[in-house]
Amino acid sequence: MSAVFTNVAPVFILILIGWLVARTGLMRSEAGDSIAEFVFKIALPTLIFRTLAEAHFGGASPFRLWIAYFGGVAVTWTIGHLIAKYLFKRDEKVGVIAGMSAAFANNVFIGLPLVGRSVGDDGILAISILLAIHLPLMMIIGTVLMEHASAKVDGGGRRSIGAVLKQVGSNLSRNPLVIALALGVAFNLSGFGTLPTVLKSVVDQIASITAGAALISLGMTLTKYPVRGQLGLASVMAVLKLILFPAAVYAVALLVDLPKTWTAAMVLTASVPTGINAWIIATRFRSGSGLAASVISITTLFGVLSVSFWAWLLS
């Protein structure tokens, strides 16, 4: 267990350092946004490109990986939605945000660095394969469900699925992660082999700073997501996120006989704190933003415990 904690603790210590830096005023919280923008637009795409460009897939199919992870998403999101709607008597819009908060892991800023430390290159490859469809699929589902919920709660019409797909597709076509995924796979399939020596040195140096910069920037931006309101519901969603979600992913991974390293990568990334995307959708639709912010903060606070447990179980 001590070896597991040694791998997990630095991830959350770096988040804590970022939070303290912003909280004490040593650096402005806006600086965290700038660092996060650098990570999202440059460092992380470089890491993903390198991983996929140099990967040896060995004929492995991604479908079992996707089934394992999104099977866990479906179970957790549905249960979170039903609990919010029927147990806590919240409306349909809050139900969507509750379910999404319980099932949307921060697999970019926390999951990838964590899996890289705990599982290694095979884990990073698994995360990269997940990221190929994770953001598009989750954002489309979240937006469609919120459009439907808004029409029921607020009245009025709702956009067609085609209109939603067009908007999300337009956004994703400019997304640096999606572009990096496409370029990495294209280079891998081109048969060029390895990157030229000089280019590889540059790529390696940029990729190497991804984890630290991502975690510190995340800590700095967490000052924007205080625990406020709906504490009971937020706490339940946090439990679903940190316990039920990884358990569901683990169960489906065993059912589909996912390879051990890929199982570990999927379960670990499912066990990390909630990502900000649920808050983004909540803010856009003006419902449940306080709930989403609270779940982000609570899961980040207790994430080191849950992640350590799952890492120990999988070791």
# chains A, B, ... in the order shown; residues from 1 in each chain; ligands from 1

$ residues_around --residues "Ile179 (chain A)" --least-positions-apart "5" --cutoff "9 Å" --atoms "only C-alpha atoms" --output "list in words"
Pro45, Phe49, Leu172, Ser173, Arg174 and Gly184 of chain A

$ closest_residue --among "A:Leu47, A:Val307, A:Val75, A:Ile280" --to "Ser128 (chain A)" --atoms "only C-alpha atoms"
A:Leu47

$ select_by_dssp --residues "region 190-249 of chain A" --states "helix (DSSP H, G or I)" --output "MDAnalysis selection string"
chainID A and resid 190 197:208 210:224 231:249

$ closest_residue --among "A:Ser271, A:Arg23, A:Ser101, A:Ile133" --to "Ala248 (chain A)" --atoms "only C-alpha atoms"
A:Ser271

$ residues_around --residues "region 227-243 of chain A" --least-positions-apart "5" --cutoff "8 Å" --atoms "only C-alpha atoms" --output "mmCIF file with C-alpha atoms, in the first residue's frame"
data_model
loop_
_atom_site.group_PDB
_atom_site.id
_atom_site.type_symbol
_atom_site.label_atom_id
_atom_site.label_comp_id
_atom_site.auth_asym_id
_atom_site.auth_seq_id
_atom_site.Cartn_x
_atom_site.Cartn_y
_atom_site.Cartn_z
ATOM 1 C CA THR A 76 -23.264 5.756 -12.837
ATOM 2 C CA GLY A 80 -26.982 9.668 -10.208
ATOM 3 C CA ALA A 84 -31.231 13.490 -7.762
ATOM 4 C CA PHE A 88 -33.682 14.610 -3.582
ATOM 5 C CA ALA A 98 -25.946 15.351 -11.058
ATOM 6 C CA GLY A 99 -25.557 12.282 -13.259
ATOM 7 C CA SER A 101 -20.962 15.112 -12.313
ATOM 8 C CA ALA A 102 -20.896 11.520 -11.043
ATOM 9 C CA ALA A 103 -19.764 10.044 -14.366
ATOM 10 C CA ALA A 105 -13.857 11.969 -14.794
ATOM 11 C CA ALA A 270 -12.667 6.431 -13.594
ATOM 12 C CA SER A 271 -11.657 6.857 -9.931
ATOM 13 C CA VAL A 272 -10.206 10.370 -10.291
ATOM 14 C CA PRO A 273 -12.125 13.550 -9.349
ATOM 15 C CA THR A 274 -14.872 15.051 -11.484
ATOM 16 C CA GLY A 290 -23.271 25.145 -7.699
ATOM 17 C CA LEU A 291 -23.861 21.391 -7.524
ATOM 18 C CA ALA A 292 -21.254 20.675 -10.211
ATOM 19 C CA ALA A 293 -18.708 22.971 -8.528
ATOM 20 C CA SER A 294 -19.288 21.290 -5.159
ATOM 21 C CA VAL A 295 -18.816 17.800 -6.618
ATOM 22 C CA SER A 297 -14.188 20.218 -4.957
ATOM 23 C CA ILE A 298 -15.391 17.285 -2.804
ATOM 24 C CA THR A 299 -14.054 14.624 -5.172
ATOM 25 C CA GLY A 303 -9.757 11.683 -4.394
ATOM 26 C CA SER A 306 -10.256 6.564 -3.458
ATOM 27 C CA VAL A 307 -7.505 6.563 -6.074
#

$ closest_residue --among "A:Leu301, A:Met146, A:Leu313, A:Ile110" --to "Leu44 (chain A)" --atoms "only C-alpha atoms"
A:Ile110

$ residues_around --residues "region 201-206 of chain A" --least-positions-apart "5" --cutoff "8 Å" --atoms "only C-alpha atoms" --output "PyMOL selection string"
chain A and resi 43+46-47+50

$ residues_around --residues "Ser29 (chain A)" --least-positions-apart "2" --cutoff "12 Å" --atoms "only C-alpha atoms" --output "list in words"
Gly18, Trp19, Leu20, Val21, Ala22, Arg23, Thr24, Gly25, Leu26, Met27, Ala31, Gly32, Asp33, Ser34, Ile35, Ala36, Ile216, Ser217, Leu218, Gly219, Met220, Thr221, Leu222, Thr223, Lys224 and Tyr225 of chain A

$ write_last_selection --atoms "N, CA, C and O atoms" --output "CSV table (one decimal), in the first residue's frame"
chain,number,residue,atom,x,y,z
A,18,GLY,N,-0.7,23.9,-6.4
A,18,GLY,CA,-1.3,24.9,-7.2
A,18,GLY,C,-2.4,25.6,-6.5
A,18,GLY,O,-2.5,26.9,-6.7
A,19,TRP,N,-3.2,24.9,-5.7
A,19,TRP,CA,-4.3,25.6,-4.9
A,19,TRP,C,-3.7,26.6,-3.9
A,19,TRP,O,-4.2,27.7,-3.8
A,20,LEU,N,-2.6,26.2,-3.2
A,20,LEU,CA,-2.0,27.1,-2.3
A,20,LEU,C,-1.4,28.3,-2.9
A,20,LEU,O,-1.5,29.4,-2.4
A,21,VAL,N,-0.8,28.1,-4.1
A,21,VAL,CA,-0.2,29.2,-4.8
A,21,VAL,C,-1.2,30.3,-5.2
A,21,VAL,O,-1.0,31.5,-5.0
A,22,ALA,N,-2.4,29.8,-5.6
A,22,ALA,CA,-3.4,30.8,-6.0
A,22,ALA,C,-4.1,31.3,-4.7
A,22,ALA,O,-4.4,32.5,-4.7
A,23,ARG,N,-4.4,30.5,-3.7
A,23,ARG,CA,-5.1,30.9,-2.5
A,23,ARG,C,-4.3,31.9,-1.7
A,23,ARG,O,-4.9,32.8,-1.2
A,24,THR,N,-3.0,31.8,-1.7
A,24,THR,CA,-2.2,32.7,-0.9
A,24,THR,C,-1.8,34.0,-1.6
A,24,THR,O,-1.3,34.9,-1.1
A,25,GLY,N,-2.2,34.0,-2.9
A,25,GLY,CA,-1.9,35.2,-3.7
A,25,GLY,C,-0.5,35.2,-4.3
A,25,GLY,O,0.0,36.2,-4.8
A,26,LEU,N,0.3,34.1,-4.1
A,26,LEU,CA,1.7,34.1,-4.6
A,26,LEU,C,1.6,34.3,-6.1
A,26,LEU,O,2.5,34.9,-6.7
A,27,MET,N,0.6,33.7,-6.8
A,27,MET,CA,0.3,33.9,-8.2
A,27,MET,C,-1.2,34.1,-8.3
A,27,MET,O,-2.0,33.5,-7.6
A,31,ALA,N,-3.4,33.2,-13.7
A,31,ALA,CA,-2.2,32.5,-14.2
A,31,ALA,C,-2.4,31.0,-14.4
A,31,ALA,O,-1.9,30.4,-15.3
A,32,GLY,N,-3.2,30.5,-13.5
A,32,GLY,CA,-3.6,29.0,-13.7
A,32,GLY,C,-4.3,28.8,-14.9
A,32,GLY,O,-4.1,27.8,-15.6
A,33,ASP,N,-5.2,29.7,-15.3
A,33,ASP,CA,-5.9,29.6,-16.6
A,33,ASP,C,-4.9,29.6,-17.8
A,33,ASP,O,-5.1,28.8,-18.7
A,34,SER,N,-3.9,30.4,-17.7
A,34,SER,CA,-2.9,30.5,-18.8
A,34,SER,C,-2.1,29.2,-18.9
A,34,SER,O,-1.8,28.7,-20.0
A,35,ILE,N,-1.7,28.7,-17.7
A,35,ILE,CA,-1.0,27.4,-17.7
A,35,ILE,C,-1.8,26.3,-18.2
A,35,ILE,O,-1.4,25.5,-19.0
A,36,ALA,N,-3.1,26.3,-17.8
A,36,ALA,CA,-4.0,25.3,-18.3
A,36,ALA,C,-4.2,25.4,-19.8
A,36,ALA,O,-4.3,24.3,-20.5
A,216,ILE,N,-0.7,21.4,-11.4
A,216,ILE,CA,-0.6,22.6,-10.7
A,216,ILE,C,-1.6,23.6,-11.3
A,216,ILE,O,-2.2,24.4,-10.5
A,217,SER,N,-1.8,23.7,-12.6
A,217,SER,CA,-2.8,24.6,-13.1
A,217,SER,C,-4.2,24.2,-12.6
A,217,SER,O,-5.0,25.1,-12.3
A,218,LEU,N,-4.5,22.9,-12.5
A,218,LEU,CA,-5.8,22.5,-12.0
A,218,LEU,C,-6.0,22.9,-10.6
A,218,LEU,O,-7.0,23.4,-10.2
A,219,GLY,N,-4.9,22.8,-9.7
A,219,GLY,CA,-5.0,23.3,-8.4
A,219,GLY,C,-5.3,24.8,-8.3
A,219,GLY,O,-6.1,25.2,-7.4
A,220,MET,N,-4.7,25.5,-9.2
A,220,MET,CA,-4.9,27.0,-9.1
A,220,MET,C,-6.3,27.3,-9.6
A,220,MET,O,-6.9,28.2,-9.0
A,221,THR,N,-6.9,26.6,-10.5
A,221,THR,CA,-8.3,26.9,-10.9
A,221,THR,C,-9.3,26.4,-10.0
A,221,THR,O,-10.5,26.8,-10.1
A,222,LEU,N,-9.0,25.5,-9.1
A,222,LEU,CA,-9.9,24.9,-8.1
A,222,LEU,C,-10.5,26.0,-7.2
A,222,LEU,O,-11.5,25.8,-6.6
A,223,THR,N,-9.8,27.1,-7.0
A,223,THR,CA,-10.3,28.2,-6.2
A,223,THR,C,-11.6,28.8,-6.7
A,223,THR,O,-12.3,29.4,-6.0
A,224,LYS,N,-11.9,28.4,-8.0
A,224,LYS,CA,-13.2,28.9,-8.6
A,224,LYS,C,-14.3,28.0,-8.3
A,224,LYS,O,-15.5,28.4,-8.6
A,225,TYR,N,-14.1,26.9,-7.7
A,225,TYR,CA,-15.2,25.9,-7.5
A,225,TYR,C,-15.3,25.6,-6.0
A,225,TYR,O,-15.1,24.5,-5.5

$ decode --residues "region 166-203 of chain A" --atoms "N, CA, C and O atoms" --output "PDB file, in the first residue's frame"
ATOM      1  N   LYS A 166     -23.989  19.305 -35.021  1.00  0.00           N
ATOM      2  CA  LYS A 166     -23.259  20.258 -35.854  1.00  0.00           C
ATOM      3  C   LYS A 166     -22.430  21.208 -35.009  1.00  0.00           C
ATOM      4  O   LYS A 166     -21.260  21.472 -35.314  1.00  0.00           O
ATOM      5  N   GLN A 167     -23.028  21.712 -33.918  1.00  0.00           N
ATOM      6  CA  GLN A 167     -22.292  22.638 -33.050  1.00  0.00           C
ATOM      7  C   GLN A 167     -21.126  21.947 -32.370  1.00  0.00           C
ATOM      8  O   GLN A 167     -19.999  22.451 -32.362  1.00  0.00           O
ATOM      9  N   VAL A 168     -21.390  20.757 -31.776  1.00  0.00           N
ATOM     10  CA  VAL A 168     -20.326  20.038 -31.081  1.00  0.00           C
ATOM     11  C   VAL A 168     -19.239  19.621 -32.066  1.00  0.00           C
ATOM     12  O   VAL A 168     -18.041  19.724 -31.781  1.00  0.00           O
ATOM     13  N   GLY A 169     -19.656  19.176 -33.263  1.00  0.00           N
ATOM     14  CA  GLY A 169     -18.670  18.770 -34.270  1.00  0.00           C
ATOM     15  C   GLY A 169     -17.782  19.925 -34.692  1.00  0.00           C
ATOM     16  O   GLY A 169     -16.568  19.762 -34.871  1.00  0.00           O
ATOM     17  N   SER A 170     -18.384  21.112 -34.825  1.00  0.00           N
ATOM     18  CA  SER A 170     -17.602  22.295 -35.186  1.00  0.00           C
ATOM     19  C   SER A 170     -16.579  22.625 -34.115  1.00  0.00           C
ATOM     20  O   SER A 170     -15.423  22.949 -34.416  1.00  0.00           O
ATOM     21  N   ASN A 171     -17.009  22.535 -32.844  1.00  0.00           N
ATOM     22  CA  ASN A 171     -16.083  22.807 -31.740  1.00  0.00           C
ATOM     23  C   ASN A 171     -14.956  21.786 -31.697  1.00  0.00           C
ATOM     24  O   ASN A 171     -13.785  22.124 -31.472  1.00  0.00           O
ATOM     25  N   LEU A 172     -15.305  20.516 -31.901  1.00  0.00           N
ATOM     26  CA  LEU A 172     -14.309  19.449 -31.802  1.00  0.00           C
ATOM     27  C   LEU A 172     -13.310  19.493 -32.953  1.00  0.00           C
ATOM     28  O   LEU A 172     -12.154  19.095 -32.790  1.00  0.00           O
ATOM     29  N   SER A 173     -13.732  19.980 -34.094  1.00  0.00           N
ATOM     30  CA  SER A 173     -12.816  20.042 -35.241  1.00  0.00           C
ATOM     31  C   SER A 173     -11.662  20.994 -34.982  1.00  0.00           C
ATOM     32  O   SER A 173     -10.613  20.904 -35.636  1.00  0.00           O
ATOM     33  N   ARG A 174     -11.843  21.903 -34.027  1.00  0.00           N
ATOM     34  CA  ARG A 174     -10.778  22.846 -33.659  1.00  0.00           C
ATOM     35  C   ARG A 174     -10.130  22.476 -32.335  1.00  0.00           C
ATOM     36  O   ARG A 174      -9.264  23.207 -31.838  1.00  0.00           O
ATOM     37  N   ASN A 175     -10.551  21.338 -31.744  1.00  0.00           N
ATOM     38  CA  ASN A 175     -10.016  20.927 -30.449  1.00  0.00           C
ATOM     39  C   ASN A 175      -8.601  20.379 -30.607  1.00  0.00           C
ATOM     40  O   ASN A 175      -8.378  19.439 -31.385  1.00  0.00           O
ATOM     41  N   PRO A 176      -7.609  20.928 -29.877  1.00  0.00           N
ATOM     42  CA  PRO A 176      -6.217  20.476 -30.023  1.00  0.00           C
ATOM     43  C   PRO A 176      -6.027  18.990 -29.721  1.00  0.00           C
ATOM     44  O   PRO A 176      -5.181  18.334 -30.352  1.00  0.00           O
ATOM     45  N   LEU A 177      -6.789  18.442 -28.768  1.00  0.00           N
ATOM     46  CA  LEU A 177      -6.642  17.026 -28.435  1.00  0.00           C
ATOM     47  C   LEU A 177      -7.109  16.145 -29.590  1.00  0.00           C
ATOM     48  O   LEU A 177      -6.471  15.138 -29.914  1.00  0.00           O
ATOM     49  N   VAL A 178      -8.220  16.522 -30.210  1.00  0.00           N
ATOM     50  CA  VAL A 178      -8.737  15.754 -31.337  1.00  0.00           C
ATOM     51  C   VAL A 178      -7.764  15.821 -32.517  1.00  0.00           C
ATOM     52  O   VAL A 178      -7.491  14.816 -33.178  1.00  0.00           O
ATOM     53  N   ILE A 179      -7.205  16.996 -32.767  1.00  0.00           N
ATOM     54  CA  ILE A 179      -6.229  17.157 -33.850  1.00  0.00           C
ATOM     55  C   ILE A 179      -4.988  16.315 -33.573  1.00  0.00           C
ATOM     56  O   ILE A 179      -4.465  15.639 -34.476  1.00  0.00           O
ATOM     57  N   ALA A 180      -4.510  16.329 -32.316  1.00  0.00           N
ATOM     58  CA  ALA A 180      -3.330  15.545 -31.955  1.00  0.00           C
ATOM     59  C   ALA A 180      -3.587  14.047 -32.114  1.00  0.00           C
ATOM     60  O   ALA A 180      -2.717  13.298 -32.576  1.00  0.00           O
ATOM     61  N   LEU A 181      -4.789  13.606 -31.722  1.00  0.00           N
ATOM     62  CA  LEU A 181      -5.157  12.203 -31.893  1.00  0.00           C
ATOM     63  C   LEU A 181      -5.110  11.800 -33.362  1.00  0.00           C
ATOM     64  O   LEU A 181      -4.542  10.762 -33.718  1.00  0.00           O
ATOM     65  N   ALA A 182      -5.689  12.629 -34.210  1.00  0.00           N
ATOM     66  CA  ALA A 182      -5.727  12.320 -35.640  1.00  0.00           C
ATOM     67  C   ALA A 182      -4.320  12.292 -36.238  1.00  0.00           C
ATOM     68  O   ALA A 182      -3.975  11.374 -37.002  1.00  0.00           O
ATOM     69  N   LEU A 183      -3.498  13.274 -35.885  1.00  0.00           N
ATOM     70  CA  LEU A 183      -2.135  13.333 -36.418  1.00  0.00           C
ATOM     71  C   LEU A 183      -1.288  12.164 -35.918  1.00  0.00           C
ATOM     72  O   LEU A 183      -0.491  11.594 -36.681  1.00  0.00           O
ATOM     73  N   GLY A 184      -1.459  11.808 -34.643  1.00  0.00           N
ATOM     74  CA  GLY A 184      -0.691  10.698 -34.082  1.00  0.00           C
ATOM     75  C   GLY A 184      -1.013   9.377 -34.763  1.00  0.00           C
ATOM     76  O   GLY A 184      -0.118   8.601 -35.123  1.00  0.00           O
ATOM     77  N   VAL A 185      -2.312   9.119 -34.955  1.00  0.00           N
ATOM     78  CA  VAL A 185      -2.728   7.879 -35.627  1.00  0.00           C
ATOM     79  C   VAL A 185      -2.262   7.890 -37.081  1.00  0.00           C
ATOM     80  O   VAL A 185      -1.772   6.870 -37.602  1.00  0.00           O
ATOM     81  N   ALA A 186      -2.379   9.048 -37.746  1.00  0.00           N
ATOM     82  CA  ALA A 186      -1.951   9.146 -39.151  1.00  0.00           C
ATOM     83  C   ALA A 186      -0.466   8.864 -39.285  1.00  0.00           C
ATOM     84  O   ALA A 186      -0.038   8.143 -40.205  1.00  0.00           O
ATOM     85  N   PHE A 187       0.341   9.422 -38.384  1.00  0.00           N
ATOM     86  CA  PHE A 187       1.790   9.184 -38.439  1.00  0.00           C
ATOM     87  C   PHE A 187       2.093   7.714 -38.186  1.00  0.00           C
ATOM     88  O   PHE A 187       2.950   7.119 -38.844  1.00  0.00           O
ATOM     89  N   ASN A 188       1.388   7.114 -37.225  1.00  0.00           N
ATOM     90  CA  ASN A 188       1.616   5.707 -36.905  1.00  0.00           C
ATOM     91  C   ASN A 188       1.321   4.824 -38.107  1.00  0.00           C
ATOM     92  O   ASN A 188       2.062   3.868 -38.397  1.00  0.00           O
ATOM     93  N   LEU A 189       0.240   5.133 -38.816  1.00  0.00           N
ATOM     94  CA  LEU A 189      -0.171   4.302 -39.951  1.00  0.00           C
ATOM     95  C   LEU A 189       0.624   4.604 -41.224  1.00  0.00           C
ATOM     96  O   LEU A 189       0.574   3.825 -42.184  1.00  0.00           O
ATOM     97  N   SER A 190       1.363   5.714 -41.217  1.00  0.00           N
ATOM     98  CA  SER A 190       2.092   6.126 -42.423  1.00  0.00           C
ATOM     99  C   SER A 190       3.279   5.234 -42.723  1.00  0.00           C
ATOM    100  O   SER A 190       3.750   5.171 -43.863  1.00  0.00           O
ATOM    101  N   GLY A 191       3.808   4.571 -41.677  1.00  0.00           N
ATOM    102  CA  GLY A 191       4.973   3.717 -41.874  1.00  0.00           C
ATOM    103  C   GLY A 191       6.295   4.448 -41.852  1.00  0.00           C
ATOM    104  O   GLY A 191       7.343   3.883 -42.188  1.00  0.00           O
ATOM    105  N   PHE A 192       6.286   5.732 -41.424  1.00  0.00           N
ATOM    106  CA  PHE A 192       7.531   6.489 -41.370  1.00  0.00           C
ATOM    107  C   PHE A 192       8.464   6.013 -40.263  1.00  0.00           C
ATOM    108  O   PHE A 192       9.641   6.355 -40.230  1.00  0.00           O
ATOM    109  N   GLY A 193       7.938   5.245 -39.300  1.00  0.00           N
ATOM    110  CA  GLY A 193       8.767   4.776 -38.188  1.00  0.00           C
ATOM    111  C   GLY A 193       8.824   5.798 -37.082  1.00  0.00           C
ATOM    112  O   GLY A 193       7.807   6.367 -36.691  1.00  0.00           O
ATOM    113  N   THR A 194      10.039   6.082 -36.591  1.00  0.00           N
ATOM    114  CA  THR A 194      10.197   7.012 -35.479  1.00  0.00           C
ATOM    115  C   THR A 194      10.326   8.443 -35.985  1.00  0.00           C
ATOM    116  O   THR A 194      10.619   8.690 -37.159  1.00  0.00           O
ATOM    117  N   LEU A 195      10.113   9.374 -35.082  1.00  0.00           N
ATOM    118  CA  LEU A 195      10.272  10.785 -35.412  1.00  0.00           C
ATOM    119  C   LEU A 195      11.739  11.104 -35.653  1.00  0.00           C
ATOM    120  O   LEU A 195      12.625  10.474 -35.050  1.00  0.00           O
ATOM    121  N   PRO A 196      12.031  12.095 -36.496  1.00  0.00           N
ATOM    122  CA  PRO A 196      13.429  12.538 -36.659  1.00  0.00           C
ATOM    123  C   PRO A 196      14.029  12.940 -35.311  1.00  0.00           C
ATOM    124  O   PRO A 196      13.322  13.444 -34.429  1.00  0.00           O
ATOM    125  N   THR A 197      15.326  12.738 -35.140  1.00  0.00           N
ATOM    126  CA  THR A 197      15.989  12.908 -33.846  1.00  0.00           C
ATOM    127  C   THR A 197      15.747  14.283 -33.232  1.00  0.00           C
ATOM    128  O   THR A 197      15.390  14.400 -32.051  1.00  0.00           O
ATOM    129  N   VAL A 198      15.946  15.336 -33.990  1.00  0.00           N
ATOM    130  CA  VAL A 198      15.779  16.700 -33.458  1.00  0.00           C
ATOM    131  C   VAL A 198      14.326  16.934 -33.063  1.00  0.00           C
ATOM    132  O   VAL A 198      14.034  17.460 -31.971  1.00  0.00           O
ATOM    133  N   LEU A 199      13.401  16.545 -33.933  1.00  0.00           N
ATOM    134  CA  LEU A 199      11.981  16.744 -33.638  1.00  0.00           C
ATOM    135  C   LEU A 199      11.561  15.919 -32.423  1.00  0.00           C
ATOM    136  O   LEU A 199      10.812  16.406 -31.567  1.00  0.00           O
ATOM    137  N   LYS A 200      12.074  14.707 -32.330  1.00  0.00           N
ATOM    138  CA  LYS A 200      11.735  13.855 -31.191  1.00  0.00           C
ATOM    139  C   LYS A 200      12.221  14.467 -29.883  1.00  0.00           C
ATOM    140  O   LYS A 200      11.536  14.412 -28.856  1.00  0.00           O
ATOM    141  N   SER A 201      13.407  15.094 -29.893  1.00  0.00           N
ATOM    142  CA  SER A 201      13.941  15.733 -28.689  1.00  0.00           C
ATOM    143  C   SER A 201      13.033  16.874 -28.240  1.00  0.00           C
ATOM    144  O   SER A 201      12.736  17.016 -27.048  1.00  0.00           O
ATOM    145  N   VAL A 202      12.567  17.674 -29.194  1.00  0.00           N
ATOM    146  CA  VAL A 202      11.663  18.777 -28.865  1.00  0.00           C
ATOM    147  C   VAL A 202      10.339  18.247 -28.325  1.00  0.00           C
ATOM    148  O   VAL A 202       9.828  18.714 -27.300  1.00  0.00           O
ATOM    149  N   VAL A 203       9.793  17.256 -29.018  1.00  0.00           N
ATOM    150  CA  VAL A 203       8.521  16.660 -28.602  1.00  0.00           C
ATOM    151  C   VAL A 203       8.633  16.058 -27.208  1.00  0.00           C
ATOM    152  O   VAL A 203       7.755  16.240 -26.356  1.00  0.00           O
TER     153      VAL A 203
END
